[in-house]
Amino acid sequence: MLIHDNDRDHDNDIDVENDRDHDKDVCVDNEESLHVFLSSAFGPEVDFTYISTRHPTITTPIFQNYTVSESPREIESPKKVVFHPKLYLYAVYFCHFVVTETKTFKLQLDGDITGDKVDALVVCHMDISGWSSDHSAFREFGIKHGDALCHVFPQGNHVWINQPSAVDVSAE
């Protein structure tokens with residue numbers, strides 16, 4: 001099992017509890033590694049599940065604008081782990097345990113051309129004052145330190161959260 005964290009490789013020794021001031025980033029290459037990381041992030045006795053963007057009505061994906069059709073629904077969870085598949089020769093996933101303030105939402109979108117529905121997952125970083133001033137987001141979006149930054153997750157990316165029985169999904 002390989003888990004890569006910055007410049008170190010580990011075997012089952014992920015410790016997110018001792019560094020609660022920084023997001024914890026790893027790449028995992030199998031389900032066992034993912035489960036070890038998730039158990040370390042949530043705790044060994046905590047049940048967790050994932051949420052993701054879904055395209056329930058898309059038949060042929062096309063590039064189009066989308067309109068927000070419903071108020072966002074906040075997905076509350078005391079802990080979150082973000083999961084992004086990476087392009088590589090075999091399955092590799094970039095995961096990060098989020099300790100900085102974020103909010104997660106589900107957002108209903110309607111395609112402007114086809115009317116296709118998308119149940120989008122949106123993650124908002126509520127305070128990016130700790131980000132490097134060289135971060136591409138500052139150049140690409142014209143935002144400043146301290147602003148909030150939200151992004152829509154594409155299908156196949158997940159946010160792992162505490163099991164829904166312990167999580168409140170509320171309308172805003």
# chains A, B, ... in the order shown; residues from 1 in each chain; ligands from 1
>>> residues_around(residues="A:Ile143", least_positions_apart="6", cutoff="10 Å", atoms="only C-alpha atoms", output="PyMOL selection string")
chain A and resi 128+137+149
>>> residues_around(residues="A:Tyr93", least_positions_apart="4", cutoff="6 Å", atoms="only C-alpha atoms", output="list in words")
Cys27, Val28, His84, Pro85 and Lys86 of chain A
>>> write_last_selection(atoms="N, CA and C atoms", output="PDB file, in the first residue's frame")
ATOM      1  N   CYS A  27      -1.973  11.271  -1.512  1.00  0.00           N
ATOM      2  CA  CYS A  27      -2.431  10.562  -2.701  1.00  0.00           C
ATOM      3  C   CYS A  27      -2.529   9.095  -2.330  1.00  0.00           C
ATOM      4  N   VAL A  28      -3.632   8.471  -2.687  1.00  0.00           N
ATOM      5  CA  VAL A  28      -3.820   7.051  -2.400  1.00  0.00           C
ATOM      6  C   VAL A  28      -4.000   6.317  -3.717  1.00  0.00           C
ATOM      7  N   HIS A  84     -10.238  13.611  -5.157  1.00  0.00           N
ATOM      8  CA  HIS A  84     -10.164  13.940  -6.587  1.00  0.00           C
ATOM      9  C   HIS A  84      -9.422  12.835  -7.332  1.00  0.00           C
ATOM     10  N   PRO A  85     -10.033  12.208  -8.343  1.00  0.00           N
ATOM     11  CA  PRO A  85      -9.270  11.259  -9.157  1.00  0.00           C
ATOM     12  C   PRO A  85      -8.231  12.017  -9.987  1.00  0.00           C
ATOM     13  N   LYS A  86      -7.052  11.425 -10.156  1.00  0.00           N
ATOM     14  CA  LYS A  86      -5.975  12.044 -10.917  1.00  0.00           C
ATOM     15  C   LYS A  86      -5.681  11.209 -12.153  1.00  0.00           C
TER      16      LYS A  86
END
>>> closest_residue(among="A:Ser133, A:Asn65, A:Ser39, A:Ser71", to="A:Gly111", atoms="only C-alpha atoms")
A:Asn65
>>> closest_residue(among="A:Val123, A:Val159, A:Ile113, A:Ala91", to="A:Asn30", atoms="only C-alpha atoms")
A:Ala91
>>> closest_residue(among="A:Ser136, A:Thr60, A:Asn162, A:Ser77", to="A:Leu38", atoms="only C-alpha atoms")
A:Asn162
>>> closest_residue(among="A:Ala148, A:Val81, A:Leu87, A:Ile75", to="A:Leu121", atoms="only C-alpha atoms")
A:Ile75
>>> select_by_dssp(residues="stretch 61-117 of chain A", states="strand (DSSP E)", output="ChimeraX atom specification")
/A:66-68,73-75,80-86,92-98,102-111,117
>>> atom_distance(atom1="atom CA of A:Thr67", atom2="atom CA of A:Val82")
25.1 Å
>>> residues_around(residues="A:Thr53", least_positions_apart="6", cutoff="10 Å", atoms="only C-alpha atoms", output="list in words")
Lys106, Leu107, Gln108, Val118, Asp119, Ala120, Leu121, Val122, Val152, Phe153, Pro154, Gln155, Gly156, Asn157, His158 and Val159 of chain A
>>> write_last_selection(atoms="N, CA, C and O atoms", output="mmCIF file, in the first residue's frame")
data_model
loop_
_atom_site.group_PDB
_atom_site.id
_atom_site.type_symbol
_atom_site.label_atom_id
_atom_site.label_comp_id
_atom_site.auth_asym_id
_atom_site.auth_seq_id
_atom_site.Cartn_x
_atom_site.Cartn_y
_atom_site.Cartn_z
ATOM 1 N N LYS A 106 -25.252 21.385 -1.888
ATOM 2 C CA LYS A 106 -25.820 20.767 -3.073
ATOM 3 C C LYS A 106 -26.604 21.863 -3.772
ATOM 4 O O LYS A 106 -27.299 22.654 -3.137
ATOM 5 N N LEU A 107 -26.476 21.915 -5.087
ATOM 6 C CA LEU A 107 -27.067 22.987 -5.874
ATOM 7 C C LEU A 107 -27.700 22.389 -7.119
ATOM 8 O O LEU A 107 -27.050 21.651 -7.864
ATOM 9 N N GLN A 108 -28.979 22.660 -7.344
ATOM 10 C CA GLN A 108 -29.678 22.161 -8.530
ATOM 11 C C GLN A 108 -29.428 23.114 -9.699
ATOM 12 O O GLN A 108 -29.700 24.316 -9.597
ATOM 13 N N VAL A 118 -28.562 18.955 -13.219
ATOM 14 C CA VAL A 118 -27.337 18.554 -12.549
ATOM 15 C C VAL A 118 -27.512 18.844 -11.066
ATOM 16 O O VAL A 118 -27.881 19.948 -10.689
ATOM 17 N N ASP A 119 -27.290 17.828 -10.248
ATOM 18 C CA ASP A 119 -27.303 17.985 -8.796
ATOM 19 C C ASP A 119 -25.844 18.179 -8.399
ATOM 20 O O ASP A 119 -25.100 17.211 -8.210
ATOM 21 N N ALA A 120 -25.417 19.447 -8.352
ATOM 22 C CA ALA A 120 -23.998 19.781 -8.230
ATOM 23 C C ALA A 120 -23.549 19.867 -6.781
ATOM 24 O O ALA A 120 -24.268 20.353 -5.911
ATOM 25 N N LEU A 121 -22.330 19.416 -6.549
ATOM 26 C CA LEU A 121 -21.662 19.545 -5.261
ATOM 27 C C LEU A 121 -20.772 20.777 -5.340
ATOM 28 O O LEU A 121 -19.970 20.921 -6.266
ATOM 29 N N VAL A 122 -20.944 21.682 -4.383
ATOM 30 C CA VAL A 122 -20.179 22.934 -4.352
ATOM 31 C C VAL A 122 -19.463 23.008 -3.006
ATOM 32 O O VAL A 122 -20.076 22.791 -1.961
ATOM 33 N N VAL A 152 -17.453 24.295 -8.108
ATOM 34 C CA VAL A 152 -18.341 23.172 -8.376
ATOM 35 C C VAL A 152 -17.473 21.954 -8.661
ATOM 36 O O VAL A 152 -16.537 22.033 -9.458
ATOM 37 N N PHE A 153 -17.780 20.852 -8.013
ATOM 38 C CA PHE A 153 -17.015 19.627 -8.242
ATOM 39 C C PHE A 153 -17.552 18.894 -9.459
ATOM 40 O O PHE A 153 -18.752 18.681 -9.579
ATOM 41 N N PRO A 154 -16.661 18.480 -10.353
ATOM 42 C CA PRO A 154 -17.117 17.671 -11.491
ATOM 43 C C PRO A 154 -17.515 16.272 -11.018
ATOM 44 O O PRO A 154 -17.135 15.838 -9.924
ATOM 45 N N GLN A 155 -18.268 15.583 -11.852
ATOM 46 C CA GLN A 155 -18.661 14.223 -11.535
ATOM 47 C C GLN A 155 -17.400 13.379 -11.341
ATOM 48 O O GLN A 155 -16.405 13.563 -12.037
ATOM 49 N N GLY A 156 -17.432 12.468 -10.374
ATOM 50 C CA GLY A 156 -16.277 11.616 -10.098
ATOM 51 C C GLY A 156 -15.431 12.118 -8.945
ATOM 52 O O GLY A 156 -14.590 11.394 -8.425
ATOM 53 N N ASN A 157 -15.612 13.372 -8.532
ATOM 54 C CA ASN A 157 -14.950 13.926 -7.353
ATOM 55 C C ASN A 157 -15.944 13.825 -6.206
ATOM 56 O O ASN A 157 -17.142 14.000 -6.404
ATOM 57 N N HIS A 158 -15.453 13.539 -5.003
ATOM 58 C CA HIS A 158 -16.334 13.329 -3.860
ATOM 59 C C HIS A 158 -15.904 14.157 -2.662
ATOM 60 O O HIS A 158 -14.742 14.531 -2.554
ATOM 61 N N VAL A 159 -16.850 14.375 -1.763
ATOM 62 C CA VAL A 159 -16.539 14.870 -0.432
ATOM 63 C C VAL A 159 -17.062 13.814 0.532
ATOM 64 O O VAL A 159 -18.248 13.471 0.518
#
>>> closest_residue(among="A:Ser40, A:Val46, A:Tyr66, A:Thr57", to="A:Asp116", atoms="only C-alpha atoms")
A:Thr57
